[in-house]
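Here is the structure we will look at, set down as structure tokens.
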Amino acid sequence: MEKWSKLILKENVVLPDGRDMMTALKSVVRTCLLLFFIPLSYSLHGQRTVRINASETTAVKLSEIARDAVPIAMEKLPSGVQNVFIAGEYVFLQSISSVLQYDLTGKFIRNIPCKGYARGISGDTVKREIYVPAGVTEDDNKIYCYDYSGKLKRTYRLKGLATGCLFDKGMLWILYARFHDDKTTGLYMSGIDLQTGSDTGILYERRYGPDLYNGGLRCPASSSGQLTLHNQTVIASFGYDSVIYRINEQKTVPFVAREISIPAKTLVETRSLYAHGCIGKYLFVNYRRGEQFYVYLEDMKSKKGYNTKYEEAIADDIFHTGYLKTVHPVNGREGYFYIFKERGEIAANTVGNIPLKDGPVLFIVKTKQ
């Protein structure tokens, strides 16, 4: 660079278009810097596009992605379990209108009733607290804070119907929806400082057209939000959105965009059964085409991807229980996911030398890094 500077400063050369050499050089440098920083900016934001070939499917073997897998034989539990939170010696299962508490052997401990419909679960393992957004309408939704004995400690107000929550570093991040009118659905994200109770404000806002199904029923927003962790960063997604985001300095930054080779033909096909996110180094994307639901898994390090059918996402070659349906991240545990296998789907009386009970088997899987 010093050699080139001396050469340029040696003589003020005039070009045919009337510019001197120094002016022309500055213009070239500005152009080069622009071309350099455009891809650099794209890289710094970390966003890339994942292209999914919906016409080709394959199952992934459990041993390919699992570093460890632990089966828990559960006592009988009601249907409708939507989220799992593991806290030390306990497993908390968020059901439709309550939280079910078990120990790590699958023994039922207690039922924690919620005031309305439960819409997520997270917790602080240091303070031994769990956080459950619940309510019936947009106006009565709150965050309920319980201790591990099921005692209600405090509540926090919410701005709408929660679709997901995740506690991380003193903040409780919330995804929620509001139905503004018959033509508009609003999807939002904000964070609550659990020390002060203050809301950080809206980090994400997106409005969509008529959210209708069969001429009048709204698609369930409660199944459309997901918060996960990747490299100690919160990852947020809505099933409605083609972009997955990460939270950086209390701002949402595009992380991954997804493109599916077969375009959606109906409004329903644009509404995923579940949202998307990260489990350790694995990206997962849920989508629907026709009556078939799919799960796309990708190793973000090697870029190897698996496009799987929802009901045949993972072939269990460790415990030999057949196919395992889709994957769900364990809330607040980076690199962990869970899968339920119904008791009637398992021919044997044991799984991994663990005697089965009258309930399903809960598989807790730690992914390879």
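Residue numbering restarts at 1 for every chain of the structure tokens, chains are lettered A, B, ... in their displayed order, and ligands are numbered from 1 as they appear.
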
Can you pull out every residue from stretch 318-363 of chain A that DSSP, working from the backbone, puts in strand (DSSP E or B), and format the result as a PyMOL selection string? chain A and resi 322-324+328-329+336-341+350-351+354-355+361-363

Report as a Markdown table: every residue of stretch 302-336 of chain A with an atom at most 6 Å from stretch 284-294 of chain A, its closest pair of atoms, and their distance in Å to one decimal, counting only C-alpha atoms, with rows sorted by chain and ascending residue number.
| residue | atom | partner | partner_atom | distance |
| --- | --- | --- | --- | --- |
| A:Thr308 | CA | A:Tyr294 | CA | 5.7 |
| A:Lys309 | CA | A:Tyr294 | CA | 4.5 |
| A:Tyr310 | CA | A:Tyr294 | CA | 4.7 |

Just the selected residues (N, CA and C atoms), exported as an mmCIF file, in the first residue's frame, please.
data_model
loop_
_atom_site.group_PDB
_atom_site.id
_atom_site.type_symbol
_atom_site.label_atom_id
_atom_site.label_comp_id
_atom_site.auth_asym_id
_atom_site.auth_seq_id
_atom_site.Cartn_x
_atom_site.Cartn_y
_atom_site.Cartn_z
ATOM 1 N N THR A 308 -37.615 -34.547 5.727
ATOM 2 C CA THR A 308 -38.309 -35.711 6.254
ATOM 3 C C THR A 308 -39.811 -35.464 6.356
ATOM 4 N N LYS A 309 -40.572 -36.539 6.341
ATOM 5 C CA LYS A 309 -41.995 -36.448 6.623
ATOM 6 C C LYS A 309 -42.197 -36.338 8.131
ATOM 7 N N TYR A 310 -43.218 -35.590 8.511
ATOM 8 C CA TYR A 310 -43.483 -35.317 9.915
ATOM 9 C C TYR A 310 -43.548 -36.593 10.747
#

Grab the atom CA of A:Ser198 to atom CA of A:Arg246 distance for me, in Å with one decimal place.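 That distance, rounded to one decimal, is 21.2 Å.
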
So that I can check the surroundings of A:Val136, please list as a ChimeraX atom specification every protein, DNA and RNA residue that reaches within 12 Å of it, counting only C-alpha atoms and ignoring chain neighbours fewer than 5 positions away. /A:96-97,114-119,141-142,160-162,222

Output all heavy atoms for every residue in the selection just made, as a compact mmCIF listing (two decimals), in the first residue's frame.
# COMPACT_ATOMS: atom_id res chain seq x y z
N ILE A 96 -52.56 -28.17 27.84
CA ILE A 96 -53.48 -27.16 27.32
C ILE A 96 -53.86 -26.13 28.37
O ILE A 96 -53.87 -24.92 28.10
CB ILE A 96 -54.75 -27.84 26.76
CG1 ILE A 96 -54.37 -28.71 25.55
CG2 ILE A 96 -55.79 -26.80 26.36
CD1 ILE A 96 -55.52 -29.53 25.01
N SER A 97 -54.12 -26.57 29.59
CA SER A 97 -54.56 -25.63 30.62
C SER A 97 -53.87 -25.86 31.96
O SER A 97 -54.35 -25.42 33.00
CB SER A 97 -56.08 -25.72 30.81
OG SER A 97 -56.45 -27.04 31.17
N CYS A 114 -53.51 -23.68 35.34
CA CYS A 114 -53.27 -22.35 34.79
C CYS A 114 -54.59 -21.60 34.68
O CYS A 114 -55.66 -22.21 34.56
CB CYS A 114 -52.61 -22.44 33.42
SG CYS A 114 -51.01 -23.25 33.44
N LYS A 115 -54.52 -20.30 34.71
CA LYS A 115 -55.71 -19.46 34.60
C LYS A 115 -56.00 -19.21 33.12
O LYS A 115 -55.60 -18.20 32.56
CB LYS A 115 -55.51 -18.16 35.36
CG LYS A 115 -55.28 -18.35 36.86
CD LYS A 115 -55.13 -17.04 37.56
CE LYS A 115 -54.84 -17.25 39.05
NZ LYS A 115 -55.94 -17.93 39.73
N GLY A 116 -56.64 -20.19 32.51
CA GLY A 116 -56.90 -20.09 31.08
C GLY A 116 -56.05 -21.09 30.33
O GLY A 116 -55.58 -22.09 30.88
N TYR A 117 -55.81 -20.81 29.06
CA TYR A 117 -55.02 -21.70 28.22
C TYR A 117 -53.54 -21.38 28.37
O TYR A 117 -53.11 -20.24 28.21
CB TYR A 117 -55.43 -21.54 26.76
CG TYR A 117 -56.86 -21.93 26.49
CD1 TYR A 117 -57.80 -20.97 26.14
CD2 TYR A 117 -57.28 -23.26 26.62
CE1 TYR A 117 -59.13 -21.31 25.91
CE2 TYR A 117 -58.61 -23.62 26.39
CZ TYR A 117 -59.52 -22.63 26.04
OH TYR A 117 -60.83 -22.98 25.82
N ALA A 118 -52.74 -22.41 28.67
CA ALA A 118 -51.28 -22.24 28.76
C ALA A 118 -50.70 -22.15 27.36
O ALA A 118 -51.10 -22.88 26.45
CB ALA A 118 -50.66 -23.40 29.52
N ARG A 119 -49.75 -21.24 27.17
CA ARG A 119 -49.23 -20.98 25.83
C ARG A 119 -47.70 -20.98 25.78
O ARG A 119 -47.10 -20.28 24.99
CB ARG A 119 -49.77 -19.65 25.32
CG ARG A 119 -51.29 -19.58 25.29
CD ARG A 119 -51.81 -18.24 24.82
NE ARG A 119 -53.26 -18.17 24.88
CZ ARG A 119 -54.07 -18.61 23.92
NH1 ARG A 119 -53.56 -19.14 22.84
NH2 ARG A 119 -55.39 -18.50 24.06
N ASN A 141 -54.26 -12.12 29.13
CA ASN A 141 -53.05 -12.94 29.15
C ASN A 141 -52.00 -12.36 30.09
O ASN A 141 -51.75 -11.15 30.08
CB ASN A 141 -52.48 -13.06 27.74
CG ASN A 141 -52.90 -14.35 27.05
OD1 ASN A 141 -52.08 -15.13 26.63
ND2 ASN A 141 -54.20 -14.60 26.97
N LYS A 142 -51.39 -13.24 30.87
CA LYS A 142 -50.33 -12.85 31.79
C LYS A 142 -49.24 -13.91 31.79
O LYS A 142 -49.45 -15.04 31.35
CB LYS A 142 -50.88 -12.70 33.22
CG LYS A 142 -51.90 -11.61 33.42
CD LYS A 142 -52.38 -11.58 34.87
CE LYS A 142 -53.44 -10.51 35.08
NZ LYS A 142 -53.92 -10.51 36.48
N GLY A 160 -50.73 -9.43 24.39
CA GLY A 160 -51.55 -10.20 23.46
C GLY A 160 -51.51 -11.67 23.80
O GLY A 160 -51.10 -12.06 24.90
N LEU A 161 -51.93 -12.51 22.86
CA LEU A 161 -51.91 -13.95 23.04
C LEU A 161 -50.51 -14.48 22.81
O LEU A 161 -49.99 -14.39 21.70
CB LEU A 161 -52.88 -14.62 22.07
CG LEU A 161 -54.38 -14.35 22.28
CD1 LEU A 161 -55.18 -14.90 21.11
CD2 LEU A 161 -54.85 -14.98 23.58
N ALA A 162 -49.89 -15.03 23.83
CA ALA A 162 -48.53 -15.55 23.69
C ALA A 162 -48.52 -16.75 22.75
O ALA A 162 -49.46 -17.55 22.75
CB ALA A 162 -47.96 -15.92 25.04
N SER A 222 -51.43 -19.88 18.33
CA SER A 222 -50.70 -20.42 19.48
C SER A 222 -49.71 -21.51 19.08
O SER A 222 -48.81 -21.86 19.85
CB SER A 222 -51.69 -20.99 20.51
OG SER A 222 -52.46 -22.02 19.93

Select from stretch 72-140 of chain A every residue with an atom at most 12 Å from any atom of stretch 340-344 of chain A, then for each give the shortest pair of atoms and their distance in Å to one decimal, using only C-alpha atoms, rows by chain and rising number, as CSV.
residue,atom,partner,partner_atom,distance
A:Ile72,CA,A:Phe340,CA,9.6
A:Ala73,CA,A:Arg343,CA,9.0
A:Met74,CA,A:Arg343,CA,9.3
A:Glu75,CA,A:Arg343,CA,10.2
A:Lys76,CA,A:Arg343,CA,9.4
A:Leu77,CA,A:Glu342,CA,10.7
A:Pro78,CA,A:Glu342,CA,11.7
A:Ser79,CA,A:Glu342,CA,10.5
A:Gly80,CA,A:Phe340,CA,11.6
A:Val81,CA,A:Phe340,CA,9.5
A:Gln82,CA,A:Phe340,CA,10.7
A:Asn83,CA,A:Phe340,CA,11.0
A:Val84,CA,A:Phe340,CA,10.6
A:Leu93,CA,A:Phe340,CA,11.6

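Closest to A:Thr350 among A:Ala313, A:Val243, A:Pro71, A:Ser122 is A:Pro71, based on only C-alpha atoms.
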
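The gap separating atom CA of A:Tyr323 from atom CA of A:Leu104 is 23.5 Å, in Å to one decimal.
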
So that I can see what lies close to stretch 187-192 of chain A, please list as a PyMOL selection string the residues with an atom at most 7 Å from it, counting only C-alpha atoms and leaving out residues fewer than 2 positions away in the same chain. chain A and resi 171-178+185+194+197-207

Filtered DSSP result for stretch 253-332 of chain A, state helix (DSSP H, G or I), as a PyMOL selection string: chain A and resi 268-270+310-312

Any chance you could export the current selection's all heavy atoms as a PDB file, in the first residue's frame?
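Generated output (again.pdb):
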ATOM      1  N   VAL A 268     -53.661 -22.080   3.616  1.00  0.00           N
ATOM      2  CA  VAL A 268     -53.378 -23.040   4.686  1.00  0.00           C
ATOM      3  C   VAL A 268     -51.960 -23.581   4.572  1.00  0.00           C
ATOM      4  O   VAL A 268     -51.280 -23.809   5.577  1.00  0.00           O
ATOM      5  CB  VAL A 268     -54.410 -24.188   4.661  1.00  0.00           C
ATOM      6  CG1 VAL A 268     -54.031 -25.276   5.661  1.00  0.00           C
ATOM      7  CG2 VAL A 268     -55.800 -23.658   4.964  1.00  0.00           C
ATOM      8  N   GLU A 269     -51.474 -23.801   3.360  1.00  0.00           N
ATOM      9  CA  GLU A 269     -50.120 -24.343   3.171  1.00  0.00           C
ATOM     10  C   GLU A 269     -49.038 -23.377   3.631  1.00  0.00           C
ATOM     11  O   GLU A 269     -47.910 -23.788   3.889  1.00  0.00           O
ATOM     12  CB  GLU A 269     -49.897 -24.702   1.701  1.00  0.00           C
ATOM     13  CG  GLU A 269     -50.635 -25.954   1.268  1.00  0.00           C
ATOM     14  CD  GLU A 269     -50.273 -26.378  -0.153  1.00  0.00           C
ATOM     15  OE1 GLU A 269     -49.452 -25.698  -0.801  1.00  0.00           O
ATOM     16  OE2 GLU A 269     -50.802 -27.396  -0.605  1.00  0.00           O
ATOM     17  N   THR A 270     -49.361 -22.096   3.728  1.00  0.00           N
ATOM     18  CA  THR A 270     -48.372 -21.128   4.198  1.00  0.00           C
ATOM     19  C   THR A 270     -48.287 -21.100   5.723  1.00  0.00           C
ATOM     20  O   THR A 270     -47.402 -20.472   6.273  1.00  0.00           O
ATOM     21  CB  THR A 270     -48.700 -19.716   3.689  1.00  0.00           C
ATOM     22  OG1 THR A 270     -49.928 -19.263   4.307  1.00  0.00           O
ATOM     23  CG2 THR A 270     -48.855 -19.697   2.187  1.00  0.00           C
ATOM     24  N   TYR A 310     -43.218 -35.590   8.511  1.00  0.00           N
ATOM     25  CA  TYR A 310     -43.483 -35.317   9.915  1.00  0.00           C
ATOM     26  C   TYR A 310     -43.548 -36.593  10.747  1.00  0.00           C
ATOM     27  O   TYR A 310     -42.950 -36.691  11.816  1.00  0.00           O
ATOM     28  CB  TYR A 310     -44.797 -34.537  10.040  1.00  0.00           C
ATOM     29  CG  TYR A 310     -45.317 -34.359  11.437  1.00  0.00           C
ATOM     30  CD1 TYR A 310     -44.866 -33.324  12.249  1.00  0.00           C
ATOM     31  CD2 TYR A 310     -46.270 -35.240  11.966  1.00  0.00           C
ATOM     32  CE1 TYR A 310     -45.343 -33.163  13.539  1.00  0.00           C
ATOM     33  CE2 TYR A 310     -46.749 -35.078  13.255  1.00  0.00           C
ATOM     34  CZ  TYR A 310     -46.286 -34.037  14.030  1.00  0.00           C
ATOM     35  OH  TYR A 310     -46.761 -33.883  15.313  1.00  0.00           O
ATOM     36  N   GLU A 311     -44.268 -37.606  10.254  1.00  0.00           N
ATOM     37  CA  GLU A 311     -44.484 -38.825  11.036  1.00  0.00           C
ATOM     38  C   GLU A 311     -43.328 -39.809  10.930  1.00  0.00           C
ATOM     39  O   GLU A 311     -43.295 -40.818  11.622  1.00  0.00           O
ATOM     40  CB  GLU A 311     -45.792 -39.518  10.608  1.00  0.00           C
ATOM     41  CG  GLU A 311     -45.793 -40.032   9.178  1.00  0.00           C
ATOM     42  CD  GLU A 311     -46.168 -38.972   8.157  1.00  0.00           C
ATOM     43  OE1 GLU A 311     -46.276 -37.780   8.544  1.00  0.00           O
ATOM     44  OE2 GLU A 311     -46.369 -39.332   6.987  1.00  0.00           O
ATOM     45  N   GLU A 312     -42.355 -39.516  10.066  1.00  0.00           N
ATOM     46  CA  GLU A 312     -41.193 -40.399   9.906  1.00  0.00           C
ATOM     47  C   GLU A 312     -39.907 -39.579   9.906  1.00  0.00           C
ATOM     48  O   GLU A 312     -39.012 -39.797   9.104  1.00  0.00           O
ATOM     49  CB  GLU A 312     -41.311 -41.194   8.601  1.00  0.00           C
ATOM     50  CG  GLU A 312     -42.526 -42.112   8.543  1.00  0.00           C
ATOM     51  CD  GLU A 312     -42.644 -42.838   7.219  1.00  0.00           C
ATOM     52  OE1 GLU A 312     -41.868 -42.515   6.294  1.00  0.00           O
ATOM     53  OE2 GLU A 312     -43.499 -43.724   7.098  1.00  0.00           O
TER      54      GLU A 312
END
